[in-house]
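**Q** Structure file upload-v8.pdb (PDB, C-alpha atoms) right here:
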```
ATOM      1  CA  MET A  24      -2.618  35.109   0.027  1.00  0.00           C
ATOM      2  CA  ASN A  25      -2.278  36.948   3.285  1.00  0.00           C
ATOM      3  CA  TRP A  26       1.325  36.541   4.337  1.00  0.00           C
ATOM      4  CA  LYS A  27       0.832  38.026   7.755  1.00  0.00           C
ATOM      5  CA  LEU A  28      -1.720  35.361   8.414  1.00  0.00           C
ATOM      6  CA  ARG A  29       0.648  32.747   7.030  1.00  0.00           C
ATOM      7  CA  ALA A  30       3.385  33.949   9.356  1.00  0.00           C
ATOM      8  CA  ARG A  31       1.069  33.452  12.253  1.00  0.00           C
ATOM      9  CA  LYS A  32       0.029  30.024  11.025  1.00  0.00           C
ATOM     10  CA  LEU A  33       3.652  28.998  10.858  1.00  0.00           C
ATOM     11  CA  ALA A  34       3.720  29.325  14.614  1.00  0.00           C
ATOM     12  CA  ILE A  35       0.175  28.825  15.779  1.00  0.00           C
ATOM     13  CA  PRO A  36      -2.418  27.042  13.702  1.00  0.00           C
ATOM     14  CA  LEU A  37      -5.718  28.838  13.645  1.00  0.00           C
ATOM     15  CA  LEU A  38      -7.677  26.324  15.655  1.00  0.00           C
ATOM     16  CA  GLU A  39     -10.853  28.186  16.295  1.00  0.00           C
ATOM     17  CA  GLU A  40     -12.278  27.669  12.836  1.00  0.00           C
ATOM     18  CA  SER A  41     -11.173  24.059  12.550  1.00  0.00           C
ATOM     19  CA  LEU A  42     -12.636  23.192  15.953  1.00  0.00           C
ATOM     20  CA  GLU A  43     -15.950  24.745  15.067  1.00  0.00           C
ATOM     21  CA  GLN A  44     -15.998  22.801  11.839  1.00  0.00           C
ATOM     22  CA  GLU A  45     -15.016  19.599  13.628  1.00  0.00           C
ATOM     23  CA  GLN A  46     -17.783  20.047  16.165  1.00  0.00           C
ATOM     24  CA  GLN A  47     -20.365  20.144  13.418  1.00  0.00           C
ATOM     25  CA  ASN A  48     -19.118  16.867  11.936  1.00  0.00           C
ATOM     26  CA  TRP A  49     -18.252  15.070  15.171  1.00  0.00           C
ATOM     27  CA  THR A  50     -19.153  11.364  14.976  1.00  0.00           C
ATOM     28  CA  ARG A  51     -16.489   9.686  17.100  1.00  0.00           C
ATOM     29  CA  GLN A  52     -17.819   7.612  19.997  1.00  0.00           C
ATOM     30  CA  ASP A  53     -14.514   6.883  21.751  1.00  0.00           C
ATOM     31  CA  ILE A  54     -13.985  10.491  22.801  1.00  0.00           C
ATOM     32  CA  SER A  55     -16.387  13.346  23.305  1.00  0.00           C
ATOM     33  CA  PHE A  56     -15.910  16.513  21.358  1.00  0.00           C
ATOM     34  CA  GLU A  57     -15.376  18.388  24.657  1.00  0.00           C
ATOM     35  CA  GLN A  58     -12.439  16.121  25.540  1.00  0.00           C
ATOM     36  CA  HIS A  59     -11.019  16.489  22.066  1.00  0.00           C
ATOM     37  CA  ALA A  60     -11.352  20.286  22.205  1.00  0.00           C
ATOM     38  CA  ALA A  61      -9.605  20.360  25.586  1.00  0.00           C
ATOM     39  CA  GLN A  62      -6.707  18.331  24.153  1.00  0.00           C
ATOM     40  CA  VAL A  63      -6.442  20.555  21.114  1.00  0.00           C
ATOM     41  CA  LEU A  64      -6.485  23.693  23.224  1.00  0.00           C
ATOM     42  CA  SER A  65      -3.815  22.296  25.505  1.00  0.00           C
ATOM     43  CA  GLU A  66      -1.587  21.501  22.512  1.00  0.00           C
ATOM     44  CA  HIS A  67      -2.315  24.956  21.218  1.00  0.00           C
ATOM     45  CA  GLU A  68      -1.179  26.469  24.517  1.00  0.00           C
ATOM     46  CA  GLN A  69       2.079  24.566  24.220  1.00  0.00           C
ATOM     47  CA  LEU A  70       2.579  25.861  20.685  1.00  0.00           C
ATOM     48  CA  LYS A  71       1.870  29.371  21.836  1.00  0.00           C
ATOM     49  CA  SER A  72       4.382  29.053  24.667  1.00  0.00           C
ATOM     50  CA  ALA A  73       6.997  27.697  22.265  1.00  0.00           C
ATOM     51  CA  HIS A  74       6.246  30.584  19.900  1.00  0.00           C
ATOM     52  CA  LEU A  75       6.714  33.146  22.665  1.00  0.00           C
ATOM     53  CA  ALA A  76       9.884  31.467  23.875  1.00  0.00           C
ATOM     54  CA  ARG A  77      11.400  31.710  20.389  1.00  0.00           C
ATOM     55  CA  ILE A  78      10.417  35.347  20.050  1.00  0.00           C
ATOM     56  CA  GLU A  79      11.859  36.101  23.478  1.00  0.00           C
ATOM     57  CA  ARG A  80      15.121  34.332  22.659  1.00  0.00           C
ATOM     58  CA  ALA A  81      15.406  36.234  19.382  1.00  0.00           C
ATOM     59  CA  VAL A  82      14.716  39.568  21.064  1.00  0.00           C
ATOM     60  CA  ALA A  83      17.272  38.783  23.781  1.00  0.00           C
ATOM     61  CA  LEU A  84      19.910  37.989  21.137  1.00  0.00           C
ATOM     62  CA  LEU A  85      19.177  41.217  19.293  1.00  0.00           C
ATOM     63  CA  GLN A  86      19.191  43.212  22.507  1.00  0.00           C
ATOM     64  CA  LYS A  87      22.586  41.779  23.384  1.00  0.00           C
ATOM     65  CA  ARG A  88      24.010  42.464  19.950  1.00  0.00           C
ATOM     66  CA  PHE A  89      22.420  45.808  19.096  1.00  0.00           C
ATOM     67  CA  GLY A  90      21.506  47.123  22.515  1.00  0.00           C
ATOM     68  CA  ILE A  91      17.876  47.698  21.552  1.00  0.00           C
TER      69      ILE A  91
ATOM     70  CA  MET B   5     -17.474  22.214  24.648  1.00  0.00           C
ATOM     71  CA  PRO B   6     -16.210  25.684  25.426  1.00  0.00           C
ATOM     72  CA  ASN B   7     -18.589  28.160  23.872  1.00  0.00           C
ATOM     73  CA  LYS B   8     -17.415  30.240  20.971  1.00  0.00           C
ATOM     74  CA  LYS B   9     -16.640  33.241  23.117  1.00  0.00           C
ATOM     75  CA  THR B  10     -14.580  31.243  25.632  1.00  0.00           C
ATOM     76  CA  LEU B  11     -12.796  29.406  22.865  1.00  0.00           C
ATOM     77  CA  LYS B  12     -11.845  32.600  21.166  1.00  0.00           C
ATOM     78  CA  ALA B  13     -10.669  34.094  24.448  1.00  0.00           C
ATOM     79  CA  GLU B  14      -8.508  31.042  25.122  1.00  0.00           C
ATOM     80  CA  VAL B  15      -7.048  30.747  21.666  1.00  0.00           C
ATOM     81  CA  LEU B  16      -6.453  34.413  21.121  1.00  0.00           C
ATOM     82  CA  SER B  17      -5.697  35.487  24.670  1.00  0.00           C
ATOM     83  CA  PRO B  18      -3.097  38.244  24.878  1.00  0.00           C
ATOM     84  CA  ALA B  19       0.442  37.064  25.395  1.00  0.00           C
ATOM     85  CA  PRO B  20       2.309  38.170  28.488  1.00  0.00           C
ATOM     86  CA  GLN B  21       5.324  40.457  28.734  1.00  0.00           C
ATOM     87  CA  GLY B  22       4.425  42.964  26.097  1.00  0.00           C
ATOM     88  CA  PHE B  23       4.605  40.571  23.167  1.00  0.00           C
ATOM     89  CA  ASP B  24       0.914  40.952  22.381  1.00  0.00           C
ATOM     90  CA  ALA B  25       1.647  42.559  19.067  1.00  0.00           C
ATOM     91  CA  LEU B  26       3.664  39.566  17.923  1.00  0.00           C
ATOM     92  CA  VAL B  27       0.940  37.079  18.746  1.00  0.00           C
ATOM     93  CA  ASN B  28      -2.349  38.821  18.164  1.00  0.00           C
ATOM     94  CA  ILE B  29      -1.894  40.432  14.821  1.00  0.00           C
ATOM     95  CA  GLU B  30      -5.467  40.495  13.615  1.00  0.00           C
ATOM     96  CA  ALA B  31      -5.562  44.282  13.844  1.00  0.00           C
ATOM     97  CA  ASP B  32      -2.459  44.550  11.696  1.00  0.00           C
ATOM     98  CA  ILE B  33      -3.841  42.108   9.200  1.00  0.00           C
ATOM     99  CA  ALA B  34      -6.964  44.230   8.969  1.00  0.00           C
ATOM    100  CA  ALA B  35      -4.897  47.382   8.600  1.00  0.00           C
ATOM    101  CA  GLY B  36      -2.620  45.780   6.007  1.00  0.00           C
ATOM    102  CA  ARG B  37       0.513  46.698   7.933  1.00  0.00           C
ATOM    103  CA  SER B  38       3.489  44.546   8.773  1.00  0.00           C
ATOM    104  CA  LEU B  39       4.683  44.315  12.334  1.00  0.00           C
ATOM    105  CA  TRP B  40       7.996  45.979  11.607  1.00  0.00           C
ATOM    106  CA  GLU B  41       6.036  49.083  10.615  1.00  0.00           C
ATOM    107  CA  VAL B  42       3.755  48.841  13.626  1.00  0.00           C
ATOM    108  CA  LEU B  43       6.780  48.543  15.918  1.00  0.00           C
ATOM    109  CA  GLY B  44       8.518  51.506  14.286  1.00  0.00           C
ATOM    110  CA  LEU B  45      11.453  49.520  12.883  1.00  0.00           C
ATOM    111  CA  THR B  46      13.223  50.459   9.641  1.00  0.00           C
ATOM    112  CA  GLN B  47      14.240  48.314   6.659  1.00  0.00           C
ATOM    113  CA  GLU B  48      17.863  49.057   7.514  1.00  0.00           C
ATOM    114  CA  ARG B  49      17.354  47.695  10.997  1.00  0.00           C
ATOM    115  CA  LEU B  50      15.705  44.547   9.646  1.00  0.00           C
ATOM    116  CA  GLU B  51      18.671  44.049   7.320  1.00  0.00           C
ATOM    117  CA  GLN B  52      21.016  44.333  10.294  1.00  0.00           C
ATOM    118  CA  TYR B  53      19.062  41.604  12.053  1.00  0.00           C
ATOM    119  CA  PHE B  54      19.133  39.453   8.933  1.00  0.00           C
ATOM    120  CA  ASN B  55      22.883  39.920   8.508  1.00  0.00           C
ATOM    121  CA  TYR B  56      23.345  38.968  12.133  1.00  0.00           C
ATOM    122  CA  ALA B  57      21.370  35.763  11.544  1.00  0.00           C
ATOM    123  CA  ILE B  58      23.639  34.957   8.578  1.00  0.00           C
ATOM    124  CA  GLU B  59      26.658  35.626  10.775  1.00  0.00           C
ATOM    125  CA  LEU B  60      25.267  33.191  13.347  1.00  0.00           C
ATOM    126  CA  ILE B  61      24.779  30.530  10.666  1.00  0.00           C
ATOM    127  CA  GLY B  62      28.451  30.989   9.780  1.00  0.00           C
ATOM    128  CA  GLU B  63      29.323  30.441  13.438  1.00  0.00           C
ATOM    129  CA  LYS B  64      27.237  27.218  13.431  1.00  0.00           C
ATOM    130  CA  ARG B  65      24.787  28.733  15.908  1.00  0.00           C
ATOM    131  CA  SER B  66      21.831  27.498  13.906  1.00  0.00           C
ATOM    132  CA  GLU B  67      19.294  27.565  16.749  1.00  0.00           C
ATOM    133  CA  ASP B  68      20.032  31.229  17.485  1.00  0.00           C
ATOM    134  CA  ALA B  69      19.948  32.057  13.772  1.00  0.00           C
ATOM    135  CA  SER B  70      16.663  30.190  13.409  1.00  0.00           C
ATOM    136  CA  ASP B  71      15.072  32.178  16.253  1.00  0.00           C
ATOM    137  CA  ILE B  72      16.060  35.474  14.638  1.00  0.00           C
ATOM    138  CA  LEU B  73      14.830  34.405  11.208  1.00  0.00           C
ATOM    139  CA  TYR B  74      11.605  33.191  12.766  1.00  0.00           C
ATOM    140  CA  LEU B  75      11.153  36.632  14.287  1.00  0.00           C
ATOM    141  CA  LEU B  76      11.963  38.288  10.951  1.00  0.00           C
ATOM    142  CA  CYS B  77       9.338  36.158   9.162  1.00  0.00           C
ATOM    143  CA  HIS B  78       6.796  37.471  11.635  1.00  0.00           C
ATOM    144  CA  LEU B  79       7.983  41.050  11.473  1.00  0.00           C
ATOM    145  CA  ALA B  80       8.141  41.200   7.673  1.00  0.00           C
ATOM    146  CA  PRO B  81       6.151  38.301   6.172  1.00  0.00           C
ATOM    147  CA  GLU B  82       6.256  39.997   2.772  1.00  0.00           C
ATOM    148  CA  ASN B  83       9.998  39.348   2.449  1.00  0.00           C
ATOM    149  CA  ALA B  84      10.750  36.242   0.335  1.00  0.00           C
ATOM    150  CA  THR B  85      14.425  36.152   1.328  1.00  0.00           C
ATOM    151  CA  TYR B  86      13.572  35.800   5.011  1.00  0.00           C
ATOM    152  CA  TRP B  87      11.240  32.897   4.248  1.00  0.00           C
ATOM    153  CA  LEU B  88      13.735  31.176   1.978  1.00  0.00           C
ATOM    154  CA  THR B  89      16.552  31.497   4.506  1.00  0.00           C
ATOM    155  CA  TYR B  90      14.341  30.361   7.358  1.00  0.00           C
ATOM    156  CA  GLY B  91      13.171  27.442   5.223  1.00  0.00           C
ATOM    157  CA  TYR B  92      16.738  26.478   4.392  1.00  0.00           C
ATOM    158  CA  LEU B  93      17.728  26.560   8.036  1.00  0.00           C
ATOM    159  CA  GLN B  94      14.708  24.545   9.183  1.00  0.00           C
ATOM    160  CA  HIS B  95      15.339  22.074   6.374  1.00  0.00           C
ATOM    161  CA  GLU B  96      18.862  21.627   7.676  1.00  0.00           C
ATOM    162  CA  ARG B  97      17.496  21.257  11.209  1.00  0.00           C
ATOM    163  CA  LYS B  98      15.029  18.612   9.949  1.00  0.00           C
ATOM    164  CA  ASP B  99      11.917  20.640  10.747  1.00  0.00           C
ATOM    165  CA  TYR B 100      10.437  19.660   7.399  1.00  0.00           C
ATOM    166  CA  ASP B 101       6.931  21.073   7.852  1.00  0.00           C
ATOM    167  CA  SER B 102       8.194  24.569   8.591  1.00  0.00           C
ATOM    168  CA  ALA B 103      10.756  24.299   5.808  1.00  0.00           C
ATOM    169  CA  PHE B 104       8.131  23.302   3.251  1.00  0.00           C
ATOM    170  CA  LEU B 105       5.755  26.066   4.276  1.00  0.00           C
ATOM    171  CA  SER B 106       8.586  28.585   4.163  1.00  0.00           C
ATOM    172  CA  TYR B 107       9.744  27.580   0.678  1.00  0.00           C
ATOM    173  CA  GLU B 108       6.152  27.791  -0.456  1.00  0.00           C
ATOM    174  CA  ALA B 109       5.839  31.286   1.001  1.00  0.00           C
ATOM    175  CA  ALA B 110       9.043  32.376  -0.750  1.00  0.00           C
ATOM    176  CA  ILE B 111       7.756  31.038  -4.092  1.00  0.00           C
ATOM    177  CA  GLU B 112       4.392  32.740  -3.730  1.00  0.00           C
ATOM    178  CA  LEU B 113       5.993  36.039  -2.788  1.00  0.00           C
ATOM    179  CA  GLU B 114       8.674  35.953  -5.469  1.00  0.00           C
ATOM    180  CA  PRO B 115       7.749  33.609  -8.332  1.00  0.00           C
ATOM    181  CA  GLY B 116      11.145  34.178  -9.973  1.00  0.00           C
ATOM    182  CA  LEU B 117      13.113  32.918  -6.987  1.00  0.00           C
ATOM    183  CA  VAL B 118      14.611  29.794  -8.605  1.00  0.00           C
ATOM    184  CA  GLU B 119      16.400  28.608  -5.471  1.00  0.00           C
ATOM    185  CA  ALA B 120      13.122  28.312  -3.547  1.00  0.00           C
ATOM    186  CA  TYR B 121      11.685  25.860  -6.131  1.00  0.00           C
ATOM    187  CA  ILE B 122      14.872  23.829  -6.140  1.00  0.00           C
ATOM    188  CA  MET B 123      14.920  23.595  -2.347  1.00  0.00           C
ATOM    189  CA  ARG B 124      11.215  22.694  -2.244  1.00  0.00           C
ATOM    190  CA  ALA B 125      11.785  19.932  -4.805  1.00  0.00           C
ATOM    191  CA  HIS B 126      14.776  18.619  -2.836  1.00  0.00           C
ATOM    192  CA  LEU B 127      12.715  18.563   0.339  1.00  0.00           C
ATOM    193  CA  ALA B 128       9.832  16.748  -1.358  1.00  0.00           C
ATOM    194  CA  LEU B 129      12.264  14.119  -2.634  1.00  0.00           C
ATOM    195  CA  GLU B 130      13.774  13.687   0.809  1.00  0.00           C
ATOM    196  CA  GLU B 131      10.284  13.256   2.198  1.00  0.00           C
ATOM    197  CA  GLY B 132       9.518  10.525  -0.357  1.00  0.00           C
ATOM    198  CA  GLU B 133       7.147  12.633  -2.418  1.00  0.00           C
ATOM    199  CA  PRO B 134       8.535  12.577  -5.979  1.00  0.00           C
ATOM    200  CA  GLU B 135       5.204  13.753  -7.422  1.00  0.00           C
ATOM    201  CA  VAL B 136       5.402  16.947  -5.381  1.00  0.00           C
ATOM    202  CA  ALA B 137       9.027  17.399  -6.462  1.00  0.00           C
ATOM    203  CA  GLN B 138       7.996  16.977 -10.101  1.00  0.00           C
ATOM    204  CA  GLU B 139       5.126  19.432  -9.685  1.00  0.00           C
ATOM    205  CA  THR B 140       7.565  21.956  -8.222  1.00  0.00           C
ATOM    206  CA  ILE B 141       9.966  21.534 -11.133  1.00  0.00           C
ATOM    207  CA  ASN B 142       7.134  21.906 -13.634  1.00  0.00           C
ATOM    208  CA  LEU B 143       6.104  25.126 -11.930  1.00  0.00           C
ATOM    209  CA  LEU B 144       9.701  26.347 -11.947  1.00  0.00           C
ATOM    210  CA  LYS B 145      10.039  25.730 -15.701  1.00  0.00           C
ATOM    211  CA  GLU B 146       6.719  27.378 -16.365  1.00  0.00           C
ATOM    212  CA  ARG B 147       7.569  30.529 -14.425  1.00  0.00           C
ATOM    213  CA  CYS B 148      11.314  30.968 -14.857  1.00  0.00           C
ATOM    214  CA  ASN B 149      13.217  31.188 -18.103  1.00  0.00           C
ATOM    215  CA  ASP B 150      16.776  30.056 -18.647  1.00  0.00           C
ATOM    216  CA  SER B 151      18.289  33.486 -18.030  1.00  0.00           C
ATOM    217  CA  MET B 152      16.963  33.455 -14.471  1.00  0.00           C
ATOM    218  CA  PHE B 153      19.086  30.440 -13.501  1.00  0.00           C
ATOM    219  CA  SER B 154      22.635  30.621 -12.215  1.00  0.00           C
ATOM    220  CA  ASP B 155      25.033  27.932 -13.481  1.00  0.00           C
ATOM    221  CA  GLU B 156      24.815  26.225 -10.124  1.00  0.00           C
ATOM    222  CA  GLU B 157      21.015  26.226 -10.217  1.00  0.00           C
ATOM    223  CA  LYS B 158      21.033  24.774 -13.754  1.00  0.00           C
ATOM    224  CA  GLU B 159      23.259  21.986 -12.525  1.00  0.00           C
ATOM    225  CA  GLU B 160      21.036  21.346  -9.506  1.00  0.00           C
ATOM    226  CA  LEU B 161      17.932  21.212 -11.675  1.00  0.00           C
ATOM    227  CA  LYS B 162      19.609  18.712 -13.979  1.00  0.00           C
ATOM    228  CA  GLU B 163      20.521  16.505 -11.021  1.00  0.00           C
ATOM    229  CA  LEU B 164      16.999  16.736  -9.622  1.00  0.00           C
ATOM    230  CA  GLU B 165      15.483  15.720 -12.946  1.00  0.00           C
ATOM    231  CA  GLU B 166      17.840  12.772 -13.286  1.00  0.00           C
ATOM    232  CA  HIS B 167      16.930  11.680  -9.789  1.00  0.00           C
ATOM    233  CA  LEU B 168      13.230  12.002 -10.547  1.00  0.00           C
ATOM    234  CA  LEU B 169      13.533   9.882 -13.686  1.00  0.00           C
ATOM    235  CA  GLY B 170      14.538   7.037 -11.405  1.00  0.00           C
ATOM    236  CA  ASP B 171      11.795   7.733  -8.867  1.00  0.00           C
ATOM    237  CA  LEU B 172       8.728   8.283 -10.975  1.00  0.00           C
TER     238      LEU B 172
END
```
Rewrite the structure from the file as structure tokens, please.
**A**
Amino acid sequence: MNWKLRARKLAIPLLEESLEQEQQNWTRQDISFEQHAAQVLSEHEQLKSAHLARIERAVALLQKRFGI
Amino acid sequence: MPNKKTLKAEVLSPAPQGFDALVNIEADIAAGRSLWEVLGLTQERLEQYFNYAIELIGEKRSEDASDILYLLCHLAPENATYWLTYGYLQHERKDYDSAFLSYEAAIELEPGLVEAYIMRAHLALEEGEPEVAQETINLLKERCNDSMFSDEEKEELKELEEHLLGDL
């Protein structure tokens, strides 16, 4: 198990592979795969922003406490 | 559909404000290095950060503590204690998915860490998954002998098993 990869997955799911796989098996008629991919990427962007915000808050706390 | 190249660029685009290393860690994964090493931090420094997070928990500043533990899990994903503590905190904050994943990470990293199994089983029970709780307990008994349990952990295991008898 690659724990660095797991740490990343905790914050940001690795969507690239799952999207590619989904595209191959796409059968839904109510939504195109392009629309679905756009939604997923938008959610992913939000996750990434939340991830960065947490990291920034943590760094700010440590900077305040330890002056790093 | 965005083509593969665009998709990759969007998903893995560099983060702003110099945090690239904390987001795009493929190079580190390939090199087998943890971020704390890449960033030139020391184990002593990481311990200071961890102790600060514990201090914050004591002050009931759980969101601040959670942010620092989250950072520590990214800086040193090989450390089972960081995962367990982060899991415990997220469990308390009702972020069950992160808590479960974190307990699982702690167990995988340190198979003798009794507390991580107990917390994972508790969480599974709370989430209405007694089978998962039972699986966790079975794994715990398989991997950890009696001498590895504290008195408190023995008591907790007993309570969990009694609870499971009613659930399964």
**Q** Can you check which residues of chain B have any atom within 6 Å of chain A? Use only C-alpha atoms and format it as number ranges by chain.
**A** B: 5, 71-72, 75, 78, 81
**Q** Could you check how far CA of Ala109 (chain B) sits from CA of Val42 (chain B), in Å to one decimal?
**A**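 That distance, rounded to one decimal, is 21.7 Å.
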**Q** Just so the selection is clear, what residues does the PyMOL selection byres ((chain B and resi 84-90) around 10) cover here, as a PDB file with C-alpha atoms, in the frame of the given file?
**A**
```pdb
ATOM      1  CA  ALA A  30       3.385  33.949   9.356  1.00  0.00           C
TER       2      ALA A  30
ATOM      3  CA  GLU B  51      18.671  44.049   7.320  1.00  0.00           C
ATOM      4  CA  PHE B  54      19.133  39.453   8.933  1.00  0.00           C
ATOM      5  CA  ALA B  57      21.370  35.763  11.544  1.00  0.00           C
ATOM      6  CA  ILE B  58      23.639  34.957   8.578  1.00  0.00           C
ATOM      7  CA  ALA B  69      19.948  32.057  13.772  1.00  0.00           C
ATOM      8  CA  SER B  70      16.663  30.190  13.409  1.00  0.00           C
ATOM      9  CA  ASP B  71      15.072  32.178  16.253  1.00  0.00           C
ATOM     10  CA  ILE B  72      16.060  35.474  14.638  1.00  0.00           C
ATOM     11  CA  LEU B  73      14.830  34.405  11.208  1.00  0.00           C
ATOM     12  CA  TYR B  74      11.605  33.191  12.766  1.00  0.00           C
ATOM     13  CA  LEU B  75      11.153  36.632  14.287  1.00  0.00           C
ATOM     14  CA  LEU B  76      11.963  38.288  10.951  1.00  0.00           C
ATOM     15  CA  CYS B  77       9.338  36.158   9.162  1.00  0.00           C
ATOM     16  CA  HIS B  78       6.796  37.471  11.635  1.00  0.00           C
ATOM     17  CA  ALA B  80       8.141  41.200   7.673  1.00  0.00           C
ATOM     18  CA  PRO B  81       6.151  38.301   6.172  1.00  0.00           C
ATOM     19  CA  GLU B  82       6.256  39.997   2.772  1.00  0.00           C
ATOM     20  CA  ASN B  83       9.998  39.348   2.449  1.00  0.00           C
ATOM     21  CA  GLY B  91      13.171  27.442   5.223  1.00  0.00           C
ATOM     22  CA  TYR B  92      16.738  26.478   4.392  1.00  0.00           C
ATOM     23  CA  LEU B  93      17.728  26.560   8.036  1.00  0.00           C
ATOM     24  CA  GLN B  94      14.708  24.545   9.183  1.00  0.00           C
ATOM     25  CA  HIS B  95      15.339  22.074   6.374  1.00  0.00           C
ATOM     26  CA  GLU B  96      18.862  21.627   7.676  1.00  0.00           C
ATOM     27  CA  SER B 102       8.194  24.569   8.591  1.00  0.00           C
ATOM     28  CA  ALA B 103      10.756  24.299   5.808  1.00  0.00           C
ATOM     29  CA  PHE B 104       8.131  23.302   3.251  1.00  0.00           C
ATOM     30  CA  LEU B 105       5.755  26.066   4.276  1.00  0.00           C
ATOM     31  CA  SER B 106       8.586  28.585   4.163  1.00  0.00           C
ATOM     32  CA  TYR B 107       9.744  27.580   0.678  1.00  0.00           C
ATOM     33  CA  GLU B 108       6.152  27.791  -0.456  1.00  0.00           C
ATOM     34  CA  ALA B 109       5.839  31.286   1.001  1.00  0.00           C
ATOM     35  CA  ALA B 110       9.043  32.376  -0.750  1.00  0.00           C
ATOM     36  CA  ILE B 111       7.756  31.038  -4.092  1.00  0.00           C
ATOM     37  CA  GLU B 112       4.392  32.740  -3.730  1.00  0.00           C
ATOM     38  CA  LEU B 113       5.993  36.039  -2.788  1.00  0.00           C
ATOM     39  CA  GLU B 114       8.674  35.953  -5.469  1.00  0.00           C
ATOM     40  CA  PRO B 115       7.749  33.609  -8.332  1.00  0.00           C
ATOM     41  CA  LEU B 117      13.113  32.918  -6.987  1.00  0.00           C
ATOM     42  CA  GLU B 119      16.400  28.608  -5.471  1.00  0.00           C
ATOM     43  CA  ALA B 120      13.122  28.312  -3.547  1.00  0.00           C
ATOM     44  CA  TYR B 121      11.685  25.860  -6.131  1.00  0.00           C
ATOM     45  CA  MET B 123      14.920  23.595  -2.347  1.00  0.00           C
ATOM     46  CA  ARG B 124      11.215  22.694  -2.244  1.00  0.00           C
TER      47      ARG B 124
END
```
**Q** In Å, how far is it from CA of Glu135 (chain B) to CA of Arg147 (chain B)?
**A**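 Pair CA of Glu135 (chain B) / CA of Arg147 (chain B) returns 18.3 Å.
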